[in-house]
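One file, upload22.pdb, carrying PDB, N, CA and C atoms:
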ATOM      1  N   MET A   1      10.479 -15.828-106.802
ATOM      2  CA  MET A   1       9.540 -15.771-105.700
ATOM      3  C   MET A   1       9.668 -14.404-105.046
ATOM      4  N   SER A   2       8.549 -13.751-104.850
ATOM      5  CA  SER A   2       8.588 -12.420-104.245
ATOM      6  C   SER A   2       8.922 -12.516-102.760
ATOM      7  N   GLY A   3       9.352 -11.388-102.205
ATOM      8  CA  GLY A   3       9.736 -11.365-100.796
ATOM      9  C   GLY A   3       8.584 -11.693 -99.862
ATOM     10  N   THR A   4       7.394 -11.195-100.192
ATOM     11  CA  THR A   4       6.223 -11.459 -99.351
ATOM     12  C   THR A   4       5.852 -12.929 -99.387
ATOM     13  N   ARG A   5       5.931 -13.526-100.562
ATOM     14  CA  ARG A   5       5.604 -14.948-100.686
ATOM     15  C   ARG A   5       6.625 -15.808 -99.929
ATOM     16  N   ALA A   6       7.896 -15.460-100.023
ATOM     17  CA  ALA A   6       8.928 -16.199 -99.300
ATOM     18  C   ALA A   6       8.722 -16.075 -97.791
ATOM     19  N   ARG A   7       8.364 -14.885 -97.344
ATOM     20  CA  ARG A   7       8.102 -14.700 -95.905
ATOM     21  C   ARG A   7       6.918 -15.536 -95.455
ATOM     22  N   THR A   8       5.875 -15.558 -96.275
ATOM     23  CA  THR A   8       4.688 -16.339 -95.934
ATOM     24  C   THR A   8       5.022 -17.820 -95.839
ATOM     25  N   ILE A   9       5.784 -18.319 -96.783
ATOM     26  CA  ILE A   9       6.169 -19.734 -96.760
ATOM     27  C   ILE A   9       7.043 -20.031 -95.540
ATOM     28  N   ALA A  10       7.993 -19.150 -95.250
ATOM     29  CA  ALA A  10       8.838 -19.343 -94.066
ATOM     30  C   ALA A  10       8.002 -19.299 -92.800
ATOM     31  N   TYR A  11       7.037 -18.388 -92.751
ATOM     32  CA  TYR A  11       6.186 -18.251 -91.566
ATOM     33  C   TYR A  11       5.322 -19.494 -91.359
ATOM     34  N   ILE A  12       4.838 -20.059 -92.443
ATOM     35  CA  ILE A  12       4.030 -21.285 -92.348
ATOM     36  C   ILE A  12       4.904 -22.477 -91.970
ATOM     37  N   ALA A  13       6.143 -22.508 -92.447
ATOM     38  CA  ALA A  13       7.030 -23.643 -92.183
ATOM     39  C   ALA A  13       7.654 -23.592 -90.793
ATOM     40  N   LEU A  14       7.761 -22.411 -90.210
ATOM     41  CA  LEU A  14       8.426 -22.304 -88.909
ATOM     42  C   LEU A  14       7.824 -23.200 -87.822
ATOM     43  N   PRO A  15       6.499 -23.253 -87.650
ATOM     44  CA  PRO A  15       5.966 -24.160 -86.629
ATOM     45  C   PRO A  15       6.324 -25.624 -86.873
ATOM     46  N   LEU A  16       6.469 -26.003 -88.137
ATOM     47  CA  LEU A  16       6.847 -27.386 -88.434
ATOM     48  C   LEU A  16       8.244 -27.711 -87.927
ATOM     49  N   VAL A  17       9.058 -26.677 -87.749
ATOM     50  CA  VAL A  17      10.410 -26.858 -87.220
ATOM     51  C   VAL A  17      10.448 -26.588 -85.720
ATOM     52  N   LEU A  18       9.781 -25.514 -85.296
ATOM     53  CA  LEU A  18       9.877 -25.090 -83.897
ATOM     54  C   LEU A  18       9.184 -26.032 -82.924
ATOM     55  N   TRP A  19       8.010 -26.516 -83.282
ATOM     56  CA  TRP A  19       7.285 -27.366 -82.337
ATOM     57  C   TRP A  19       8.022 -28.693 -82.078
ATOM     58  N   PRO A  20       8.492 -29.422 -83.103
ATOM     59  CA  PRO A  20       9.263 -30.641 -82.798
ATOM     60  C   PRO A  20      10.530 -30.348 -81.991
ATOM     61  N   LEU A  21      11.160 -29.197 -82.267
ATOM     62  CA  LEU A  21      12.321 -28.844 -81.447
ATOM     63  C   LEU A  21      11.924 -28.681 -79.992
ATOM     64  N   SER A  22      10.808 -28.014 -79.749
ATOM     65  CA  SER A  22      10.358 -27.789 -78.372
ATOM     66  C   SER A  22       9.901 -29.078 -77.703
ATOM     67  N   PHE A  23       9.141 -29.897 -78.427
ATOM     68  CA  PHE A  23       8.573 -31.099 -77.828
ATOM     69  C   PHE A  23       9.577 -32.252 -77.734
ATOM     70  N   ASP A  24      10.381 -32.450 -78.758
ATOM     71  CA  ASP A  24      11.231 -33.637 -78.817
ATOM     72  C   ASP A  24      12.692 -33.346 -78.503
ATOM     73  N   VAL A  25      13.298 -32.477 -79.267
ATOM     74  CA  VAL A  25      14.742 -32.272 -79.148
ATOM     75  C   VAL A  25      15.110 -31.632 -77.810
ATOM     76  N   PHE A  26      14.392 -30.584 -77.454
ATOM     77  CA  PHE A  26      14.681 -29.880 -76.199
ATOM     78  C   PHE A  26      13.553 -30.073 -75.198
ATOM     79  N   SER A  27      13.058 -31.286 -75.068
ATOM     80  CA  SER A  27      11.910 -31.533 -74.195
ATOM     81  C   SER A  27      12.208 -31.252 -72.729
ATOM     82  N   ARG A  28      13.458 -31.340 -72.331
ATOM     83  CA  ARG A  28      13.801 -31.000 -70.946
ATOM     84  C   ARG A  28      13.538 -29.526 -70.666
ATOM     85  N   TYR A  29      13.611 -28.720 -71.700
ATOM     86  CA  TYR A  29      13.412 -27.277 -71.570
ATOM     87  C   TYR A  29      12.156 -26.864 -72.324
ATOM     88  N   PHE A  30      11.106 -27.673 -72.196
ATOM     89  CA  PHE A  30       9.891 -27.499 -72.977
ATOM     90  C   PHE A  30       9.278 -26.111 -72.800
ATOM     91  N   VAL A  31       9.145 -25.662 -71.563
ATOM     92  CA  VAL A  31       8.498 -24.374 -71.307
ATOM     93  C   VAL A  31       9.291 -23.248 -71.955
ATOM     94  N   TYR A  32      10.607 -23.290 -71.821
ATOM     95  CA  TYR A  32      11.442 -22.252 -72.439
ATOM     96  C   TYR A  32      11.371 -22.332 -73.964
ATOM     97  N   GLY A  33      11.389 -23.533 -74.488
ATOM     98  CA  GLY A  33      11.319 -23.715 -75.931
ATOM     99  C   GLY A  33      10.014 -23.191 -76.513
ATOM    100  N   MET A  34       8.899 -23.486 -75.851
ATOM    101  CA  MET A  34       7.614 -22.993 -76.325
ATOM    102  C   MET A  34       7.524 -21.482 -76.188
ATOM    103  N   ALA A  35       8.068 -20.944 -75.108
ATOM    104  CA  ALA A  35       8.048 -19.484 -74.940
ATOM    105  C   ALA A  35       8.859 -18.805 -76.045
ATOM    106  N   ILE A  36      10.026 -19.340 -76.338
ATOM    107  CA  ILE A  36      10.863 -18.762 -77.390
ATOM    108  C   ILE A  36      10.197 -18.914 -78.754
ATOM    109  N   SER A  37       9.626 -20.086 -79.024
ATOM    110  CA  SER A  37       8.949 -20.314 -80.300
ATOM    111  C   SER A  37       7.775 -19.360 -80.478
ATOM    112  N   THR A  38       6.980 -19.215 -79.441
ATOM    113  CA  THR A  38       5.823 -18.332 -79.514
ATOM    114  C   THR A  38       6.248 -16.880 -79.654
ATOM    115  N   LEU A  39       7.277 -16.496 -78.920
ATOM    116  CA  LEU A  39       7.784 -15.125 -79.022
ATOM    117  C   LEU A  39       8.306 -14.850 -80.431
ATOM    118  N   LEU A  40       9.003 -15.817 -81.010
ATOM    119  CA  LEU A  40       9.526 -15.657 -82.363
ATOM    120  C   LEU A  40       8.396 -15.508 -83.381
ATOM    121  N   LEU A  41       7.399 -16.381 -83.301
ATOM    122  CA  LEU A  41       6.280 -16.304 -84.241
ATOM    123  C   LEU A  41       5.470 -15.023 -84.055
ATOM    124  N   GLY A  42       5.266 -14.613 -82.826
ATOM    125  CA  GLY A  42       4.547 -13.366 -82.574
ATOM    126  C   GLY A  42       5.310 -12.161 -83.085
ATOM    127  N   SER A  43       6.612 -12.142 -82.864
ATOM    128  CA  SER A  43       7.443 -11.034 -83.347
ATOM    129  C   SER A  43       7.450 -10.978 -84.864
ATOM    130  N   LEU A  44       7.550 -12.134 -85.500
ATOM    131  CA  LEU A  44       7.507 -12.166 -86.958
ATOM    132  C   LEU A  44       6.146 -11.730 -87.489
ATOM    133  N   SER A  45       5.075 -12.057 -86.771
ATOM    134  CA  SER A  45       3.747 -11.595 -87.178
ATOM    135  C   SER A  45       3.699 -10.083 -87.210
ATOM    136  N   LEU A  46       4.222  -9.464 -86.161
ATOM    137  CA  LEU A  46       4.214  -7.995 -86.100
ATOM    138  C   LEU A  46       5.166  -7.379 -87.121
ATOM    139  N   ALA A  47       6.305  -8.001 -87.335
ATOM    140  CA  ALA A  47       7.309  -7.419 -88.229
ATOM    141  C   ALA A  47       6.948  -7.623 -89.705
ATOM    142  N   TRP A  48       6.517  -8.820 -90.061
ATOM    143  CA  TRP A  48       6.311  -9.148 -91.467
ATOM    144  C   TRP A  48       4.890  -8.869 -91.958
ATOM    145  N   PHE A  49       3.904  -9.043 -91.105
ATOM    146  CA  PHE A  49       2.515  -8.992 -91.551
ATOM    147  C   PHE A  49       1.714  -7.921 -90.829
ATOM    148  N   ARG A  50       2.358  -6.863 -90.466
ATOM    149  CA  ARG A  50       1.695  -5.795 -89.722
ATOM    150  C   ARG A  50       0.517  -5.208 -90.505
ATOM    151  N   ASP A  51       0.644  -5.130 -91.818
ATOM    152  CA  ASP A  51      -0.443  -4.567 -92.624
ATOM    153  C   ASP A  51      -1.686  -5.453 -92.619
ATOM    154  N   ARG A  52      -1.515  -6.733 -92.346
ATOM    155  CA  ARG A  52      -2.663  -7.646 -92.295
ATOM    156  C   ARG A  52      -3.334  -7.653 -90.925
ATOM    157  N   LEU A  53      -2.649  -7.155 -89.926
ATOM    158  CA  LEU A  53      -3.195  -7.089 -88.575
ATOM    159  C   LEU A  53      -3.855  -5.731 -88.395
ATOM    160  N   ARG A  54      -5.094  -5.643 -88.783
ATOM    161  CA  ARG A  54      -5.789  -4.359 -88.814
ATOM    162  C   ARG A  54      -5.942  -3.736 -87.428
ATOM    163  N   TRP A  55      -6.006  -4.552 -86.399
ATOM    164  CA  TRP A  55      -6.183  -4.013 -85.054
ATOM    165  C   TRP A  55      -4.904  -3.405 -84.509
ATOM    166  N   VAL A  56      -3.788  -3.675 -85.147
ATOM    167  CA  VAL A  56      -2.512  -3.128 -84.670
ATOM    168  C   VAL A  56      -2.210  -1.872 -85.489
ATOM    169  N   ARG A  57      -2.906  -0.811 -85.198
ATOM    170  CA  ARG A  57      -2.665   0.457 -85.863
ATOM    171  C   ARG A  57      -1.882   1.402 -84.952
ATOM    172  N   VAL A  58      -1.372   0.874 -83.869
ATOM    173  CA  VAL A  58      -0.584   1.668 -82.929
ATOM    174  C   VAL A  58       0.882   1.319 -83.120
ATOM    175  N   ASN A  59       1.758   2.054 -82.474
ATOM    176  CA  ASN A  59       3.182   1.764 -82.645
ATOM    177  C   ASN A  59       3.564   0.465 -81.933
ATOM    178  N   ALA A  60       4.754  -0.002 -82.170
ATOM    179  CA  ALA A  60       5.189  -1.316 -81.681
ATOM    180  C   ALA A  60       5.224  -1.388 -80.160
ATOM    181  N   VAL A  61       5.590  -0.315 -79.498
ATOM    182  CA  VAL A  61       5.675  -0.338 -78.030
ATOM    183  C   VAL A  61       4.287  -0.523 -77.425
ATOM    184  N   VAL A  62       3.319   0.211 -77.931
ATOM    185  CA  VAL A  62       1.952   0.073 -77.422
ATOM    186  C   VAL A  62       1.414  -1.330 -77.719
ATOM    187  N   ALA A  63       1.700  -1.858 -78.903
ATOM    188  CA  ALA A  63       1.258  -3.212 -79.244
ATOM    189  C   ALA A  63       1.893  -4.239 -78.304
ATOM    190  N   ALA A  64       3.171  -4.058 -77.978
ATOM    191  CA  ALA A  64       3.844  -4.977 -77.058
ATOM    192  C   ALA A  64       3.235  -4.894 -75.657
ATOM    193  N   VAL A  65       2.939  -3.686 -75.203
ATOM    194  CA  VAL A  65       2.321  -3.515 -73.882
ATOM    195  C   VAL A  65       0.943  -4.162 -73.852
ATOM    196  N   ILE A  66       0.171  -3.971 -74.912
ATOM    197  CA  ILE A  66      -1.151  -4.604 -74.994
ATOM    198  C   ILE A  66      -1.002  -6.127 -74.959
ATOM    199  N   GLY A  67      -0.008  -6.657 -75.670
ATOM    200  CA  GLY A  67       0.226  -8.097 -75.672
ATOM    201  C   GLY A  67       0.584  -8.636 -74.303
ATOM    202  N   VAL A  68       1.419  -7.903 -73.576
ATOM    203  CA  VAL A  68       1.809  -8.334 -72.229
ATOM    204  C   VAL A  68       0.606  -8.291 -71.290
ATOM    205  N   VAL A  69      -0.192  -7.244 -71.392
ATOM    206  CA  VAL A  69      -1.392  -7.142 -70.553
ATOM    207  C   VAL A  69      -2.349  -8.285 -70.855
ATOM    208  N   MET A  70      -2.559  -8.569 -72.129
ATOM    209  CA  MET A  70      -3.454  -9.667 -72.495
ATOM    210  C   MET A  70      -2.906 -11.016 -72.032
ATOM    211  N   ALA A  71      -1.598 -11.195 -72.120
ATOM    212  CA  ALA A  71      -0.994 -12.439 -71.632
ATOM    213  C   ALA A  71      -1.226 -12.575 -70.128
ATOM    214  N   GLY A  72      -1.104 -11.481 -69.405
ATOM    215  CA  GLY A  72      -1.371 -11.506 -67.964
ATOM    216  C   GLY A  72      -2.815 -11.869 -67.669
ATOM    217  N   ILE A  73      -3.741 -11.317 -68.441
ATOM    218  CA  ILE A  73      -5.156 -11.637 -68.248
ATOM    219  C   ILE A  73      -5.402 -13.116 -68.525
ATOM    220  N   LEU A  74      -4.822 -13.634 -69.602
ATOM    221  CA  LEU A  74      -4.990 -15.056 -69.910
ATOM    222  C   LEU A  74      -4.389 -15.942 -68.826
ATOM    223  N   TYR A  75      -3.275 -15.518 -68.257
ATOM    224  CA  TYR A  75      -2.669 -16.285 -67.163
ATOM    225  C   TYR A  75      -3.597 -16.291 -65.950
ATOM    226  N   LEU A  76      -4.201 -15.152 -65.654
ATOM    227  CA  LEU A  76      -5.150 -15.094 -64.534
ATOM    228  C   LEU A  76      -6.363 -15.989 -64.798
ATOM    229  N   VAL A  77      -6.832 -16.043 -66.040
ATOM    230  CA  VAL A  77      -7.931 -16.943 -66.388
ATOM    231  C   VAL A  77      -7.494 -18.396 -66.176
ATOM    232  N   PHE A  78      -6.268 -18.708 -66.552
ATOM    233  CA  PHE A  78      -5.730 -20.053 -66.369
ATOM    234  C   PHE A  78      -5.688 -20.427 -64.884
ATOM    235  N   ILE A  79      -5.157 -19.530 -64.064
ATOM    236  CA  ILE A  79      -5.084 -19.771 -62.617
ATOM    237  C   ILE A  79      -6.492 -19.843 -62.026
ATOM    238  N   GLY A  80      -7.378 -18.952 -62.477
ATOM    239  CA  GLY A  80      -8.756 -18.977 -61.986
ATOM    240  C   GLY A  80      -9.463 -20.267 -62.357
ATOM    241  N   GLY A  81      -9.194 -20.776 -63.545
ATOM    242  CA  GLY A  81      -9.781 -22.050 -63.949
ATOM    243  C   GLY A  81      -9.317 -23.195 -63.063
ATOM    244  N   TYR A  82      -8.037 -23.168 -62.719
ATOM    245  CA  TYR A  82      -7.532 -24.208 -61.820
ATOM    246  C   TYR A  82      -8.177 -24.077 -60.436
ATOM    247  N   ALA A  83      -8.329 -22.842 -59.947
ATOM    248  CA  ALA A  83      -8.974 -22.640 -58.646
ATOM    249  C   ALA A  83     -10.415 -23.137 -58.674
ATOM    250  N   LEU A  84     -11.117 -22.864 -59.773
ATOM    251  CA  LEU A  84     -12.491 -23.341 -59.913
ATOM    252  C   LEU A  84     -12.545 -24.865 -59.936
ATOM    253  N   LEU A  85     -11.621 -25.495 -60.641
ATOM    254  CA  LEU A  85     -11.586 -26.961 -60.678
ATOM    255  C   LEU A  85     -11.257 -27.547 -59.308
ATOM    256  N   ARG A  86     -10.383 -26.891 -58.575
ATOM    257  CA  ARG A  86     -10.105 -27.361 -57.207
ATOM    258  C   ARG A  86     -11.352 -27.245 -56.348
ATOM    259  N   PHE A  87     -12.073 -26.141 -56.504
ATOM    260  CA  PHE A  87     -13.315 -25.947 -55.757
ATOM    261  C   PHE A  87     -14.317 -27.048 -56.095
ATOM    262  N   MET A  88     -14.341 -27.472 -57.337
ATOM    263  CA  MET A  88     -15.260 -28.521 -57.779
ATOM    264  C   MET A  88     -14.741 -29.923 -57.450
ATOM    265  N   GLY A  89     -13.527 -30.002 -56.900
ATOM    266  CA  GLY A  89     -12.967 -31.300 -56.549
ATOM    267  C   GLY A  89     -12.243 -31.985 -57.692
ATOM    268  N   LEU A  90     -11.920 -31.252 -58.752
ATOM    269  CA  LEU A  90     -11.265 -31.837 -59.912
ATOM    270  C   LEU A  90      -9.798 -31.436 -60.028
ATOM    271  N   GLY A  91      -9.269 -30.757 -59.029
ATOM    272  CA  GLY A  91      -7.885 -30.285 -59.072
ATOM    273  C   GLY A  91      -6.873 -31.406 -59.197
ATOM    274  N   ASN A  92      -7.161 -32.552 -58.588
ATOM    275  CA  ASN A  92      -6.230 -33.679 -58.666
ATOM    276  C   ASN A  92      -6.092 -34.192 -60.097
ATOM    277  N   TYR A  93      -7.167 -34.086 -60.875
ATOM    278  CA  TYR A  93      -7.111 -34.548 -62.259
ATOM    279  C   TYR A  93      -6.235 -33.625 -63.111
ATOM    280  N   VAL A  94      -6.260 -32.340 -62.800
ATOM    281  CA  VAL A  94      -5.383 -31.399 -63.495
ATOM    282  C   VAL A  94      -3.928 -31.750 -63.198
ATOM    283  N   ALA A  95      -3.627 -32.003 -61.934
ATOM    284  CA  ALA A  95      -2.267 -32.387 -61.560
ATOM    285  C   ALA A  95      -1.867 -33.686 -62.247
ATOM    286  N   LEU A  96      -2.799 -34.613 -62.383
ATOM    287  CA  LEU A  96      -2.520 -35.877 -63.062
ATOM    288  C   LEU A  96      -2.164 -35.645 -64.533
ATOM    289  N   VAL A  97      -2.880 -34.744 -65.191
ATOM    290  CA  VAL A  97      -2.581 -34.440 -66.591
ATOM    291  C   VAL A  97      -1.181 -33.855 -66.713
ATOM    292  N   TYR A  98      -0.826 -32.938 -65.800
ATOM    293  CA  TYR A  98       0.514 -32.363 -65.832
ATOM    294  C   TYR A  98       1.586 -33.417 -65.585
ATOM    295  N   GLU A  99       1.330 -34.344 -64.698
ATOM    296  CA  GLU A  99       2.280 -35.434 -64.457
ATOM    297  C   GLU A  99       2.457 -36.283 -65.706
ATOM    298  N   MET A 100       1.368 -36.557 -66.408
ATOM    299  CA  MET A 100       1.460 -37.353 -67.635
ATOM    300  C   MET A 100       2.270 -36.613 -68.700
ATOM    301  N   VAL A 101       2.054 -35.306 -68.835
ATOM    302  CA  VAL A 101       2.806 -34.535 -69.830
ATOM    303  C   VAL A 101       4.283 -34.521 -69.470
ATOM    304  N   ARG A 102       4.603 -34.288 -68.198
ATOM    305  CA  ARG A 102       6.014 -34.301 -67.784
ATOM    306  C   ARG A 102       6.631 -35.672 -67.998
ATOM    307  N   GLY A 103       5.876 -36.720 -67.689
ATOM    308  CA  GLY A 103       6.393 -38.074 -67.892
ATOM    309  C   GLY A 103       6.681 -38.375 -69.344
ATOM    310  N   MET A 104       5.803 -37.939 -70.229
ATOM    311  CA  MET A 104       6.024 -38.161 -71.657
ATOM    312  C   MET A 104       7.223 -37.333 -72.154
ATOM    313  N   ALA A 105       7.330 -36.099 -71.676
ATOM    314  CA  ALA A 105       8.455 -35.255 -72.086
ATOM    315  C   ALA A 105       9.770 -35.859 -71.603
ATOM    316  N   ASN A 106       9.786 -36.364 -70.387
ATOM    317  CA  ASN A 106      10.986 -37.003 -69.854
ATOM    318  C   ASN A 106      11.311 -38.292 -70.599
ATOM    319  N   ALA A 107      10.264 -39.026 -71.007
ATOM    320  CA  ALA A 107      10.508 -40.255 -71.757
ATOM    321  C   ALA A 107      11.203 -39.950 -73.067
ATOM    322  N   TYR A 108      10.797 -38.865 -73.720
ATOM    323  CA  TYR A 108      11.452 -38.475 -74.970
ATOM    324  C   TYR A 108      12.861 -37.956 -74.709
ATOM    325  N   ALA A 109      13.066 -37.296 -73.580
ATOM    326  CA  ALA A 109      14.378 -36.698 -73.295
ATOM    327  C   ALA A 109      15.428 -37.767 -73.066
ATOM    328  N   TYR A 110      15.032 -38.914 -72.552
ATOM    329  CA  TYR A 110      16.019 -39.934 -72.207
ATOM    330  C   TYR A 110      16.154 -41.023 -73.254
ATOM    331  N   GLN A 111      15.586 -40.811 -74.430
ATOM    332  CA  GLN A 111      15.721 -41.821 -75.488
ATOM    333  C   GLN A 111      17.019 -41.641 -76.224
TER     334      GLN A 111
END

With the file now loaded, output its structure as structure tokens.
Amino acid sequence: MSGTRARTIAYIALPLVLWPLSFDVFSRYFVYGMAISTLLLGSLSLAWFRDRLRWVRVNAVVAAVIGVVMAGILYLVFIGGYALLRFMGLGNYVALVYEMVRGMANAYAYQ
């Protein structure tokens, strides 16, 4: 098996391992687990498959800065969406969804 093929298989298999670890095994630390999993997959994308990412023709530092800026923009969109839902009177339903997710995560943590 060539190195590129092995990397591709490992890259495809990683979410099958990382997501259950984040959701089930370490559900008490879900946010940290998902952040670490996403950071790992993103870093591997840049390291292993840089030639396939045609838009990343800049050096790694600039790509990382662009990623952080885009993450900040997405976070602002997320917060803005919640503000819009509160304005529309649907903010309580968002809080209810978060309570359900926390409750399910806690249920798995205490099994």

**OP:** May I ask for the distance between atom N of Tyr98 (chain A) and CA of Tyr82 (chain A), given in Å to one decimal place?
**Re:** 11.7 Å

Could you give me the axis-aligned bounding box of region 25-44 of chain A, with 8 Å of padding per side, as centre plus edge lengths in Å to one decimal, as lines of an AutoDock Vina configuration file?
center_x = 9.8
center_y = -21.7
center_z = -79.1
size_x = 26.6
size_y = 37.5
size_z = 32.8

**OP:** List the residues selected by the PyMOL selection byres (((chain A and resi 3-11 and name CA) around 10) and name CA) in the file shown, writing them as a PyMOL selection string.
**Re:** chain A and resi 1-2+12-16+41+44-45+48-49

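Computed from the coordinates, the CA of Val61 (chain A) to CA of Met34 (chain A) distance equals 22.8 Å.
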
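Interatomic distance, CA of Asp51 (chain A) to CA of Val65 (chain A): 19.0 Å.
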